[in-house]
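K.L.:
To be precise about what I am sending: the file is called coords-v7.cif and holds mmCIF, C-alpha atoms and all ligand atoms.
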```cif
data_query
loop_
_atom_site.group_PDB
_atom_site.id
_atom_site.type_symbol
_atom_site.label_atom_id
_atom_site.label_comp_id
_atom_site.auth_asym_id
_atom_site.auth_seq_id
_atom_site.Cartn_x
_atom_site.Cartn_y
_atom_site.Cartn_z
ATOM 1 C CA MET J 1 57.896 -156.572 -1.026
ATOM 2 C CA PHE J 2 59.286 -156.708 -4.568
ATOM 3 C CA LYS J 3 61.158 -153.908 -6.283
ATOM 4 C CA TYR J 4 60.138 -152.799 -9.763
ATOM 5 C CA LYS J 5 60.828 -150.133 -12.308
ATOM 6 C CA CYS J 6 57.650 -148.607 -13.727
ATOM 7 C CA GLU J 7 57.212 -149.356 -17.433
ATOM 8 C CA LEU J 8 55.573 -146.006 -18.009
ATOM 9 C CA CYS J 9 57.567 -143.453 -16.057
ATOM 10 C CA GLY J 10 60.662 -145.436 -15.072
ATOM 11 C CA MET J 11 60.258 -144.673 -11.390
ATOM 12 C CA GLU J 12 61.320 -147.383 -8.976
ATOM 13 C CA PHE J 13 58.602 -148.669 -6.717
ATOM 14 C CA GLU J 14 57.798 -151.524 -4.399
ATOM 15 C CA SER J 15 54.826 -153.827 -4.603
ATOM 16 C CA LYS J 16 53.483 -156.846 -2.758
ATOM 17 C CA SER J 17 52.423 -158.304 -6.094
ATOM 18 C CA ASN J 18 54.978 -160.527 -7.842
ATOM 19 C CA ARG J 19 54.266 -159.094 -11.285
ATOM 20 C CA ALA J 20 53.689 -155.375 -11.071
ATOM 21 C CA LYS J 21 54.406 -153.309 -14.152
ATOM 22 C CA TYR J 22 53.436 -149.814 -13.185
ATOM 23 C CA CYS J 23 53.996 -147.583 -10.203
ATOM 24 C CA TYR J 24 51.170 -146.424 -8.026
ATOM 25 C CA TYR J 25 50.744 -143.258 -10.065
ATOM 26 C CA CYS J 26 50.778 -144.901 -13.484
ATOM 27 C CA ARG J 27 48.573 -147.866 -12.632
ATOM 28 C CA ASP J 28 45.380 -145.879 -13.159
ATOM 29 C CA LYS J 29 46.765 -144.379 -16.348
ATOM 30 C CA ALA J 30 47.688 -147.830 -17.644
ATOM 31 C CA GLN J 31 44.201 -149.106 -16.923
ATOM 32 C CA VAL J 32 42.683 -146.146 -18.746
ATOM 33 C CA GLN J 33 44.884 -146.872 -21.748
ATOM 34 C CA ARG J 34 43.952 -150.543 -21.721
ATOM 35 C CA ASN J 35 40.257 -149.665 -21.574
ATOM 36 C CA LYS J 36 40.684 -147.284 -24.474
ATOM 37 C CA ALA J 37 42.546 -149.833 -26.560
ATOM 38 C CA TYR J 38 39.867 -152.418 -25.811
ATOM 39 C CA ALA J 39 37.062 -150.044 -26.795
ATOM 40 C CA GLU J 40 38.808 -149.205 -30.060
ATOM 41 C CA LYS J 41 39.376 -152.846 -30.858
ATOM 42 C CA LYS J 42 35.757 -153.625 -30.128
ATOM 43 C CA LYS J 43 34.564 -150.761 -32.308
ATOM 44 C CA ALA J 44 36.754 -151.908 -35.195
ATOM 45 C CA GLY J 45 35.426 -155.434 -34.826
ATOM 46 C CA THR J 46 31.746 -154.494 -35.126
ATOM 47 C CA SER J 47 31.949 -152.602 -38.396
ATOM 48 C CA VAL J 48 32.826 -155.128 -41.079
ATOM 49 C CA PRO J 49 34.452 -153.725 -44.202
ATOM 50 C CA ILE J 50 32.380 -154.358 -47.326
ATOM 51 C CA GLY J 51 34.021 -156.750 -49.737
ATOM 52 C CA SER J 52 36.025 -158.484 -47.022
ATOM 53 C CA GLU J 53 35.889 -162.211 -46.384
ATOM 54 C CA GLN J 54 34.152 -163.217 -43.180
ATOM 55 C CA LYS J 55 33.419 -166.531 -41.571
ATOM 56 C CA CYS J 56 29.729 -167.259 -41.039
ATOM 57 C CA PRO J 57 29.102 -167.847 -37.311
ATOM 58 C CA ILE J 58 26.254 -170.252 -38.120
ATOM 59 C CA CYS J 59 27.608 -172.613 -40.777
ATOM 60 C CA GLY J 60 31.307 -171.757 -40.653
ATOM 61 C CA LYS J 61 31.566 -171.073 -44.396
ATOM 62 C CA THR J 62 33.453 -167.997 -45.570
ATOM 63 C CA TYR J 63 31.472 -165.376 -47.442
ATOM 64 C CA THR J 64 32.063 -161.972 -48.981
ATOM 65 C CA VAL J 65 30.474 -159.084 -47.116
ATOM 66 C CA THR J 66 28.039 -157.119 -49.290
ATOM 67 C CA SER J 67 26.577 -154.804 -46.638
ATOM 68 C CA GLY J 68 27.839 -153.343 -43.393
ATOM 69 C CA SER J 69 25.198 -155.037 -41.288
ATOM 70 C CA GLN J 70 25.696 -158.479 -42.798
ATOM 71 C CA LYS J 71 26.460 -160.978 -40.073
ATOM 72 C CA TYR J 72 25.910 -164.313 -41.802
ATOM 73 C CA CYS J 73 26.462 -165.862 -45.212
ATOM 74 C CA LYS J 74 23.666 -165.488 -47.763
ATOM 75 C CA ASP J 75 22.228 -168.953 -47.137
ATOM 76 C CA CYS J 76 22.059 -168.435 -43.391
ATOM 77 C CA MET J 77 20.607 -164.937 -43.820
ATOM 78 C CA LYS J 78 17.762 -166.422 -45.874
ATOM 79 C CA LYS J 79 17.153 -169.052 -43.226
ATOM 80 C CA GLN J 80 17.111 -166.376 -40.543
ATOM 81 C CA GLN J 81 14.585 -164.335 -42.483
ATOM 82 C CA GLN J 82 12.361 -167.364 -43.026
ATOM 83 C CA ALA J 83 12.527 -168.261 -39.356
ATOM 84 C CA SER J 84 11.359 -164.810 -38.368
ATOM 85 C CA LYS J 85 8.443 -164.976 -40.811
ATOM 86 C CA GLY J 86 6.514 -167.203 -38.418
ATOM 87 C CA LYS J 87 6.290 -164.422 -35.874
ATOM 88 C CA PRO J 88 3.584 -161.789 -36.270
ATOM 89 C CA SER J 89 4.955 -158.502 -37.493
ATOM 90 C CA ALA J 90 4.731 -155.306 -35.458
ATOM 91 C CA GLU J 91 2.161 -154.127 -37.972
ATOM 92 C CA TYR J 92 0.005 -157.214 -37.559
ATOM 93 C CA ILE J 93 0.073 -156.770 -33.789
ATOM 94 C CA LYS J 94 -0.806 -153.097 -34.138
ATOM 95 C CA GLU J 95 -3.832 -153.881 -36.290
ATOM 96 C CA ASN J 96 -5.148 -156.777 -34.268
ATOM 97 C CA TYR J 97 -4.342 -155.921 -30.682
ATOM 98 C CA ASP J 98 -4.726 -153.008 -28.340
ATOM 99 C CA TYR J 99 -1.805 -152.183 -26.160
ATOM 100 C CA VAL J 100 -2.944 -151.433 -22.629
ATOM 101 C CA ARG J 101 -0.497 -149.782 -20.333
ATOM 102 C CA PHE J 102 -1.226 -148.483 -16.892
ATOM 103 C CA ASN J 103 0.605 -147.271 -13.824
ATOM 104 C CA VAL J 104 0.295 -148.774 -10.388
ATOM 105 C CA PRO J 105 1.546 -147.260 -7.137
ATOM 106 C CA LYS J 106 5.274 -147.815 -6.554
ATOM 107 C CA GLY J 107 5.957 -151.319 -5.286
ATOM 108 C CA GLU J 108 2.587 -152.715 -6.232
ATOM 109 C CA GLY J 109 3.810 -153.817 -9.623
ATOM 110 C CA ASP J 110 5.948 -156.484 -8.024
ATOM 111 C CA ALA J 111 3.100 -157.583 -5.780
ATOM 112 C CA ILE J 112 0.794 -157.977 -8.778
ATOM 113 C CA LYS J 113 3.485 -159.853 -10.698
ATOM 114 C CA ALA J 114 4.067 -162.154 -7.731
ATOM 115 C CA TYR J 115 0.337 -162.744 -7.336
ATOM 116 C CA ALA J 116 -0.023 -163.572 -11.033
ATOM 117 C CA GLN J 117 2.967 -165.913 -10.887
ATOM 118 C CA GLU J 118 1.498 -167.669 -7.862
ATOM 119 C CA HIS J 119 -1.584 -168.427 -9.925
ATOM 120 C CA ASN J 120 0.404 -169.385 -13.019
ATOM 121 C CA MET J 121 -0.837 -166.396 -14.930
ATOM 122 C CA THR J 122 0.713 -163.503 -16.711
ATOM 123 C CA ILE J 123 -0.436 -160.040 -15.625
ATOM 124 C CA LYS J 124 -2.515 -159.958 -18.782
ATOM 125 C CA ASP J 125 -4.243 -163.263 -17.888
ATOM 126 C CA LEU J 126 -4.841 -161.994 -14.382
ATOM 127 C CA LEU J 127 -6.368 -158.781 -15.630
ATOM 128 C CA LEU J 128 -8.605 -160.506 -18.170
ATOM 129 C CA THR J 129 -9.669 -163.149 -15.657
ATOM 130 C CA ALA J 130 -10.421 -160.483 -13.091
ATOM 131 C CA LEU J 131 -12.413 -158.545 -15.646
ATOM 132 C CA LYS J 132 -14.435 -161.614 -16.622
ATOM 133 C CA GLU J 133 -15.217 -162.426 -13.014
ATOM 134 C CA TYR J 134 -16.113 -158.861 -12.276
ATOM 135 C CA GLN J 135 -18.493 -158.738 -15.198
ATOM 136 C CA GLU J 136 -20.101 -162.003 -14.132
ATOM 137 C CA ASN J 137 -20.627 -160.757 -10.615
ATOM 138 C CA HIS J 138 -21.911 -157.350 -11.589
ATOM 139 C CA LYS J 139 -24.728 -158.231 -13.955
ATOM 140 C CA ASP J 140 -27.861 -156.185 -13.619
HETATM 141 ZN ZN ZN A 201 55.016 -144.868 -13.203
HETATM 142 ZN ZN ZN A 202 26.231 -169.514 -43.064
#
```
Produce structure tokens that represent the structure in this file.
Ligand SMILES: [Zn+2]
Ligand SMILES: [Zn+2]

P.N.:
Amino acid sequence: MFKYKCELCGMEFESKSNRAKYCYYCRDKAQVQRNKAYAEKKKAGTSVPIGSEQKCPICGKTYTVTSGSQKYCKDCMKKQQQASKGKPSAEYIKENYDYVRFNVPKGEGDAIKAYAQEHNMTIKDLLLTALKEYQENHKD
């Protein structure tokens, strides 16, 4: 056992660890403080002050922040926007597709997923395939 003096309350205590800083009572408190400090640091890091110089995580160039949500330099932001143009927008999907959602008894969802995976299908493929086959077999 090693003898220590607690950095928070000054009480002497013993510990098996060879680098203890806090007594048994203060250890929890110290952890709470560390968590708090970490959370504050993290919070400060996410909101970028407007007008400040930041380094672009994509190209590495420094740029001046013009809006709070800006994460990249202007060039990289443009590229990002262009890249996302290829994907259909939520509006396009809304106009051209129906969204079908249904509930299955608890536990059966996984079974259906597993069955679809076994046949290299998504649940959607499975459903549409099943529907097609059903229609073919139930013609009047
Ligand atoms: Zn203490
Ligand atoms: Zn950039």

K.L.:
Any chance you could resolve the PyMOL selection byres (((chain J and resi 104-116) around 12) and not hetatm) against this file and give the residues as number ranges by chain?

P.N.:
J: 101-103, 117-130

K.L.:
Neighbours of ligand ZN 202 (chain A) at 6 Å or closer, counting all atoms listed in the file: which residues, as a list in words?

P.N.:
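Those within range of ligand ZN 202 (chain A) are Cys56, Ile58, Cys59, Lys61, Tyr72, Cys73, Asp75 and Cys76 of chain J.
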
K.L.:
Which one is closest to ligand ZN 201 (chain A): J:Lys139, J:Tyr22, J:Glu91, J:Phe13? Count only C-alpha atoms and all ligand atoms.

P.N.:
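Among the listed residues, the smallest separation from ligand ZN 201 (chain A) belongs to J:Tyr22.
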
K.L.:
Residues within 9 Å of ligand ZN 201 (chain A), counting all atoms listed in the file: report them as JSON, numbers by chain.

P.N.:
{"J": [5, 6, 7, 8, 9, 10, 11, 12, 13, 21, 22, 23, 24, 25, 26, 27, 29]}

K.L.:
Find the residues around Arg19 of chain J up to 10 Å (only C-alpha atoms counted), leave out those fewer than 4 positions away in its own chain, and share them as a ChimeraX atom specification.

P.N.:
/J:2-4,15

K.L.:
Have a look at J:Asn137, J:Val65, J:Gln33, J:Lys42 and name the one nearest to Met77 of chain J; count only C-alpha atoms.

P.N.:
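Of J:Asn137, J:Val65, J:Gln33, J:Lys42, the one nearest Met77 of chain J, counting only C-alpha atoms, is J:Val65.
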
K.L.:
Please fill the gaps in segment 100-116 of chain J so it has N, CA and C atoms, and write that as a PDB file, in the coordinates of the input.

P.N.:
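As a result, selection.pdb now contains:
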```pdb
ATOM      1  N   VAL J 100      -2.463-152.101 -23.836  1.00  0.00           N
ATOM      2  CA  VAL J 100      -2.944-151.433 -22.629  1.00  0.00           C
ATOM      3  C   VAL J 100      -1.784-151.262 -21.663  1.00  0.00           C
ATOM      4  N   ARG J 101      -1.599-150.045 -21.248  1.00  0.00           N
ATOM      5  CA  ARG J 101      -0.497-149.782 -20.333  1.00  0.00           C
ATOM      6  C   ARG J 101      -1.048-148.926 -19.199  1.00  0.00           C
ATOM      7  N   PHE J 102      -0.737-149.286 -18.003  1.00  0.00           N
ATOM      8  CA  PHE J 102      -1.226-148.483 -16.892  1.00  0.00           C
ATOM      9  C   PHE J 102      -0.207-148.442 -15.778  1.00  0.00           C
ATOM     10  N   ASN J 103      -0.304-147.419 -14.953  1.00  0.00           N
ATOM     11  CA  ASN J 103       0.605-147.271 -13.824  1.00  0.00           C
ATOM     12  C   ASN J 103      -0.042-147.780 -12.551  1.00  0.00           C
ATOM     13  N   VAL J 104       0.764-148.378 -11.716  1.00  0.00           N
ATOM     14  CA  VAL J 104       0.295-148.774 -10.388  1.00  0.00           C
ATOM     15  C   VAL J 104       1.195-148.093  -9.370  1.00  0.00           C
ATOM     16  N   PRO J 105       0.692-147.906  -8.132  1.00  0.00           N
ATOM     17  CA  PRO J 105       1.546-147.260  -7.137  1.00  0.00           C
ATOM     18  C   PRO J 105       2.867-148.006  -6.966  1.00  0.00           C
ATOM     19  N   LYS J 106       3.928-147.262  -6.690  1.00  0.00           N
ATOM     20  CA  LYS J 106       5.274-147.815  -6.554  1.00  0.00           C
ATOM     21  C   LYS J 106       5.268-149.037  -5.629  1.00  0.00           C
ATOM     22  N   GLY J 107       5.858-150.112  -6.102  1.00  0.00           N
ATOM     23  CA  GLY J 107       5.957-151.319  -5.286  1.00  0.00           C
ATOM     24  C   GLY J 107       4.845-152.304  -5.545  1.00  0.00           C
ATOM     25  N   GLU J 108       3.702-151.801  -6.014  1.00  0.00           N
ATOM     26  CA  GLU J 108       2.587-152.715  -6.232  1.00  0.00           C
ATOM     27  C   GLU J 108       2.758-153.556  -7.490  1.00  0.00           C
ATOM     28  N   GLY J 109       3.542-153.064  -8.400  1.00  0.00           N
ATOM     29  CA  GLY J 109       3.810-153.817  -9.623  1.00  0.00           C
ATOM     30  C   GLY J 109       4.370-155.186  -9.305  1.00  0.00           C
ATOM     31  N   ASP J 110       5.344-155.214  -8.398  1.00  0.00           N
ATOM     32  CA  ASP J 110       5.948-156.484  -8.024  1.00  0.00           C
ATOM     33  C   ASP J 110       4.942-157.398  -7.339  1.00  0.00           C
ATOM     34  N   ALA J 111       4.103-156.797  -6.508  1.00  0.00           N
ATOM     35  CA  ALA J 111       3.100-157.583  -5.780  1.00  0.00           C
ATOM     36  C   ALA J 111       2.127-158.220  -6.770  1.00  0.00           C
ATOM     37  N   ILE J 112       1.720-157.450  -7.773  1.00  0.00           N
ATOM     38  CA  ILE J 112       0.794-157.977  -8.778  1.00  0.00           C
ATOM     39  C   ILE J 112       1.467-159.090  -9.573  1.00  0.00           C
ATOM     40  N   LYS J 113       2.729-158.847  -9.950  1.00  0.00           N
ATOM     41  CA  LYS J 113       3.485-159.853 -10.698  1.00  0.00           C
ATOM     42  C   LYS J 113       3.584-161.136  -9.885  1.00  0.00           C
ATOM     43  N   ALA J 114       3.911-160.993  -8.600  1.00  0.00           N
ATOM     44  CA  ALA J 114       4.067-162.154  -7.731  1.00  0.00           C
ATOM     45  C   ALA J 114       2.740-162.893  -7.598  1.00  0.00           C
ATOM     46  N   TYR J 115       1.667-162.142  -7.467  1.00  0.00           N
ATOM     47  CA  TYR J 115       0.337-162.744  -7.336  1.00  0.00           C
ATOM     48  C   TYR J 115      -0.009-163.518  -8.614  1.00  0.00           C
ATOM     49  N   ALA J 116       0.262-162.919  -9.759  1.00  0.00           N
ATOM     50  CA  ALA J 116      -0.023-163.572 -11.033  1.00  0.00           C
ATOM     51  C   ALA J 116       0.796-164.846 -11.173  1.00  0.00           C
TER      52      ALA J 116
END
```
